[in-house]
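See structure below.
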Amino acid sequence: GERIKENQVADELKVSRTPIREALKQLQTEGLVQTIPNRGSFALGFTKQDIQDIYEVRAAVEMLAVERAVSRISDEELGNMQEIYDMMEFYTKKRESKKILELNRTFHGIIYNASKSRFLSQVLKSYARYVEQTRKVTVYNDENLEQIYKEHGEILEALKDRDLERALEKTSVHLDNSKARAERQIITK
């Protein structure tokens with residue numbers, strides 16, 4: 001509901017108002033900003049229904065990606081995931097949530113690519129910005145870091161074992177927990 005002041009944003013970013021207007025149009029197209037003539041632009045944020053919708057789509061598509069990845073993931077991709085997971089441990093201990101957010105994105109990206117489906121990867125990337133907004137809120141909250149780290153480890157172990165049932169179960173638990181974390185953080189703001 002907060003009003004977005006074009007002049008203020010332009011001054012803060014040291015740019016003209018034109019790119020700010022274009023960005024606001026894009027955000028309006030994405031349903032994140034409402035522009036009211038003669039009043040201005042206002043941030044809409046996420047509602048509980050938005051979170052539910054985002055995670056329903058994410059679960060459907062990501063579960064399919066995991067299902068395909070279990071049999072198609074290469075040893076090199078698993079090695080990369082292990083390196084990312086090891087870095088997640090390091091940054092979890094240091095409480096560096098911004099770095100964990102990047103590693104989280106890369107971890108899931110490997111799964112998407114391991115599905116070996118260009119279409120599936122494209123679908124996942126097409127709504128990634130919405131998932132990213134929910135991740136920022138949940139990952140930046142220090143109380144979630146240990147649990148997020150643990151959940152990724154369980155997914156990684158299931159993929160290493162090429163255990164389809166366990167990989168789907170652990171991914172489902174991770175997505176359910178991610179959704180609950182997002183709802184707690186976003187809805188209470």
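In the structure tokens, each chain is lettered A, B, ... as it comes, each chain's residues begin at 1, and ligands are numbered from 1 in order of appearance.
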- Item | Close residues, A:Met81 itself excluded, 10 Å, only C-alpha atoms, min 3 positions apart in chain, as a PyMOL selection string | chain A and resi 75-78+84-87+103+106-111+152-153+156+159-160
- Using the chain letters and numbers from this document, which residues of chain A does DSSP assign to strand (DSSP E), as JSON, numbers by chain? {"A": [3, 4, 33, 34, 35, 36, 40, 41, 42, 43]}
Got time to write the residues from that selection, N, CA, C and O atoms, as a PDB file, in the first residue's frame?
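Output file part28.pdb is given in full below:
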```
ATOM      1  N   ARG A   3       3.007   4.340  -1.107  1.00  0.00           N
ATOM      2  CA  ARG A   3       3.099   5.123  -2.338  1.00  0.00           C
ATOM      3  C   ARG A   3       4.542   5.145  -2.808  1.00  0.00           C
ATOM      4  O   ARG A   3       5.462   5.334  -2.020  1.00  0.00           O
ATOM      5  N   ILE A   4       4.730   4.944  -4.109  1.00  0.00           N
ATOM      6  CA  ILE A   4       6.058   4.979  -4.714  1.00  0.00           C
ATOM      7  C   ILE A   4       6.222   6.343  -5.374  1.00  0.00           C
ATOM      8  O   ILE A   4       5.490   6.678  -6.309  1.00  0.00           O
ATOM      9  N   VAL A  33       2.379  -3.573  -8.620  1.00  0.00           N
ATOM     10  CA  VAL A  33       2.156  -2.151  -8.400  1.00  0.00           C
ATOM     11  C   VAL A  33       0.812  -1.784  -9.007  1.00  0.00           C
ATOM     12  O   VAL A  33       0.433  -2.306 -10.054  1.00  0.00           O
ATOM     13  N   GLN A  34       0.109  -0.878  -8.337  1.00  0.00           N
ATOM     14  CA  GLN A  34      -1.147  -0.351  -8.875  1.00  0.00           C
ATOM     15  C   GLN A  34      -0.939   1.142  -9.124  1.00  0.00           C
ATOM     16  O   GLN A  34      -0.498   1.869  -8.227  1.00  0.00           O
ATOM     17  N   THR A  35      -1.239   1.580 -10.346  1.00  0.00           N
ATOM     18  CA  THR A  35      -1.128   2.996 -10.669  1.00  0.00           C
ATOM     19  C   THR A  35      -2.530   3.572 -10.770  1.00  0.00           C
ATOM     20  O   THR A  35      -3.371   3.066 -11.521  1.00  0.00           O
ATOM     21  N   ILE A  36      -2.765   4.621 -10.006  1.00  0.00           N
ATOM     22  CA  ILE A  36      -4.065   5.290  -9.989  1.00  0.00           C
ATOM     23  C   ILE A  36      -3.865   6.677 -10.596  1.00  0.00           C
ATOM     24  O   ILE A  36      -3.041   7.457 -10.087  1.00  0.00           O
ATOM     25  N   GLY A  40      -0.944   8.425  -8.270  1.00  0.00           N
ATOM     26  CA  GLY A  40       0.393   7.847  -8.222  1.00  0.00           C
ATOM     27  C   GLY A  40       0.383   6.328  -8.260  1.00  0.00           C
ATOM     28  O   GLY A  40      -0.639   5.697  -8.503  1.00  0.00           O
ATOM     29  N   SER A  41       1.568   5.780  -7.993  1.00  0.00           N
ATOM     30  CA  SER A  41       1.753   4.326  -7.991  1.00  0.00           C
ATOM     31  C   SER A  41       1.903   3.838  -6.561  1.00  0.00           C
ATOM     32  O   SER A  41       2.556   4.490  -5.730  1.00  0.00           O
ATOM     33  N   PHE A  42       1.319   2.652  -6.305  1.00  0.00           N
ATOM     34  CA  PHE A  42       1.325   2.096  -4.962  1.00  0.00           C
ATOM     35  C   PHE A  42       1.760   0.632  -5.017  1.00  0.00           C
ATOM     36  O   PHE A  42       1.326  -0.123  -5.886  1.00  0.00           O
ATOM     37  N   ALA A  43       2.619   0.257  -4.068  1.00  0.00           N
ATOM     38  CA  ALA A  43       3.085  -1.132  -3.982  1.00  0.00           C
ATOM     39  C   ALA A  43       1.935  -2.008  -3.502  1.00  0.00           C
ATOM     40  O   ALA A  43       1.229  -1.667  -2.557  1.00  0.00           O
TER      41      ALA A  43
END
```
- Message: So that I can check the secondary structure, give me every residue of stretch 7-37 of chain A assigned alpha helix (DSSP H) by backbone DSSP, as an MDAnalysis selection string.
- Response: chainID A and resid 7:13 17:29
- Message: When you look at A:Ser71 with a cut-off of 9 Å (counting only C-alpha atoms), what residues show up, excluding the ones that are within fewer than 5 positions of it in the same chain? I need them as a PyMOL selection string.
- Response: chain A and resi 114-115+159+162-164
Expected file contents, prior selection, all heavy atoms, as an mmCIF file, in the first residue's frame:
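What ended up in result-v8.cif:
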```
data_model
loop_
_atom_site.group_PDB
_atom_site.id
_atom_site.type_symbol
_atom_site.label_atom_id
_atom_site.label_comp_id
_atom_site.auth_asym_id
_atom_site.auth_seq_id
_atom_site.Cartn_x
_atom_site.Cartn_y
_atom_site.Cartn_z
ATOM 1 N N ALA A 114 19.195 -30.219 -14.605
ATOM 2 C CA ALA A 114 19.372 -31.679 -14.628
ATOM 3 C C ALA A 114 18.125 -32.393 -15.145
ATOM 4 O O ALA A 114 18.201 -33.554 -15.550
ATOM 5 C CB ALA A 114 19.726 -32.192 -13.233
ATOM 6 N N SER A 115 17.008 -31.716 -15.188
ATOM 7 C CA SER A 115 15.793 -32.320 -15.739
ATOM 8 C C SER A 115 15.951 -32.551 -17.243
ATOM 9 O O SER A 115 15.224 -33.326 -17.833
ATOM 10 C CB SER A 115 14.572 -31.443 -15.472
ATOM 11 O OG SER A 115 14.580 -30.290 -16.294
ATOM 12 N N LEU A 159 19.034 -37.220 -4.074
ATOM 13 C CA LEU A 159 19.467 -37.182 -5.481
ATOM 14 C C LEU A 159 20.723 -38.017 -5.683
ATOM 15 O O LEU A 159 20.840 -38.739 -6.675
ATOM 16 C CB LEU A 159 19.706 -35.737 -5.931
ATOM 17 C CG LEU A 159 18.460 -34.882 -6.134
ATOM 18 C CD1 LEU A 159 18.834 -33.419 -6.347
ATOM 19 C CD2 LEU A 159 17.628 -35.397 -7.299
ATOM 20 N N ARG A 162 19.890 -41.391 -5.931
ATOM 21 C CA ARG A 162 18.959 -41.571 -7.048
ATOM 22 C C ARG A 162 17.678 -42.270 -6.591
ATOM 23 O O ARG A 162 17.129 -43.139 -7.250
ATOM 24 C CB ARG A 162 19.622 -42.297 -8.203
ATOM 25 C CG ARG A 162 20.839 -41.508 -8.712
ATOM 26 C CD ARG A 162 21.410 -42.071 -9.973
ATOM 27 N NE ARG A 162 22.683 -41.467 -10.316
ATOM 28 C CZ ARG A 162 22.861 -40.292 -10.918
ATOM 29 N NH1 ARG A 162 21.817 -39.560 -11.220
ATOM 30 N NH2 ARG A 162 24.053 -39.827 -11.207
ATOM 31 N N ASP A 163 17.234 -41.816 -5.413
ATOM 32 C CA ASP A 163 16.044 -42.354 -4.773
ATOM 33 C C ASP A 163 14.869 -41.421 -5.096
ATOM 34 O O ASP A 163 14.683 -40.386 -4.445
ATOM 35 C CB ASP A 163 16.281 -42.440 -3.264
ATOM 36 C CG ASP A 163 15.135 -43.089 -2.508
ATOM 37 O OD1 ASP A 163 13.970 -43.000 -2.965
ATOM 38 O OD2 ASP A 163 15.395 -43.660 -1.431
ATOM 39 N N LEU A 164 14.096 -41.780 -6.092
ATOM 40 C CA LEU A 164 13.007 -40.949 -6.574
ATOM 41 C C LEU A 164 11.994 -40.630 -5.479
ATOM 42 O O LEU A 164 11.637 -39.472 -5.269
ATOM 43 C CB LEU A 164 12.308 -41.613 -7.763
ATOM 44 C CG LEU A 164 11.080 -40.889 -8.308
ATOM 45 C CD1 LEU A 164 11.435 -39.491 -8.794
ATOM 46 C CD2 LEU A 164 10.434 -41.705 -9.419
#
```
- Message: With only C-alpha atoms as the counted atoms, please give the residues lying no more than 8 Å from A:Arg17, apart from itself and same-chain residues fewer than 3 positions off, as a PyMOL selection string.
- Response: chain A and resi 6-7+10+20-21
Counting only C-alpha atoms, which residues in stretch 56-125 of chain A sit no more than 12 Å from stretch 175-181 of chain A? For each one, give the nearest pair of atoms and the distance in Å, sorted by chain then residue number, as a Markdown table.
```
| residue | atom | partner | partner_atom | distance |
| --- | --- | --- | --- | --- |
| A:Glu56 | CA | A:Lys179 | CA | 9.2 |
| A:Val57 | CA | A:Leu175 | CA | 10.8 |
| A:Arg58 | CA | A:Leu175 | CA | 8.1 |
| A:Ala59 | CA | A:Leu175 | CA | 6.5 |
| A:Ala60 | CA | A:Leu175 | CA | 10.3 |
| A:Val61 | CA | A:Leu175 | CA | 11.4 |
| A:Glu62 | CA | A:Leu175 | CA | 9.0 |
| A:Met63 | CA | A:Leu175 | CA | 9.4 |
| A:Asn104 | CA | A:Ser178 | CA | 11.9 |
| A:His108 | CA | A:Leu175 | CA | 11.6 |
```
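The nearest approach to A:Lys94 among the residues A:Glu67, A:Glu183, A:Glu132, A:Asp142, with only C-alpha atoms taken into account, belongs to A:Asp142.
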- Option closest in space to A:Gln52, from A:Met88, A:Leu120, A:Thr18, A:Ala182 [counting only C-alpha atoms]: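 Checking each candidate against A:Gln52, we get A:Ala182 as the closest.
Distance annotation: of A:Glu157, A:Glu165, A:Glu151, A:Asp11, the residue with the minimal separation from A:Gly79 is A:Glu157; atom set is only C-alpha atoms.
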- Message: Just the number, please: distance in Å from atom CA of A:Tyr91 to atom CA of A:Glu146, one decimal.
- Response: 10.3 Å
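With only C-alpha atoms as the atoms that count, the residue of A:Glu2, A:Glu22, A:Arg118, A:Arg129 with the shortest distance to A:Leu44 is A:Glu2.
Interatomic distance, atom CA of A:Val66 against atom CA of A:Glu154: 13.1 Å.
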- Item | Separation of atom CA of A:Tyr127 from atom CA of A:Ile54, in Å and rounded to one decimal | 8.2 Å
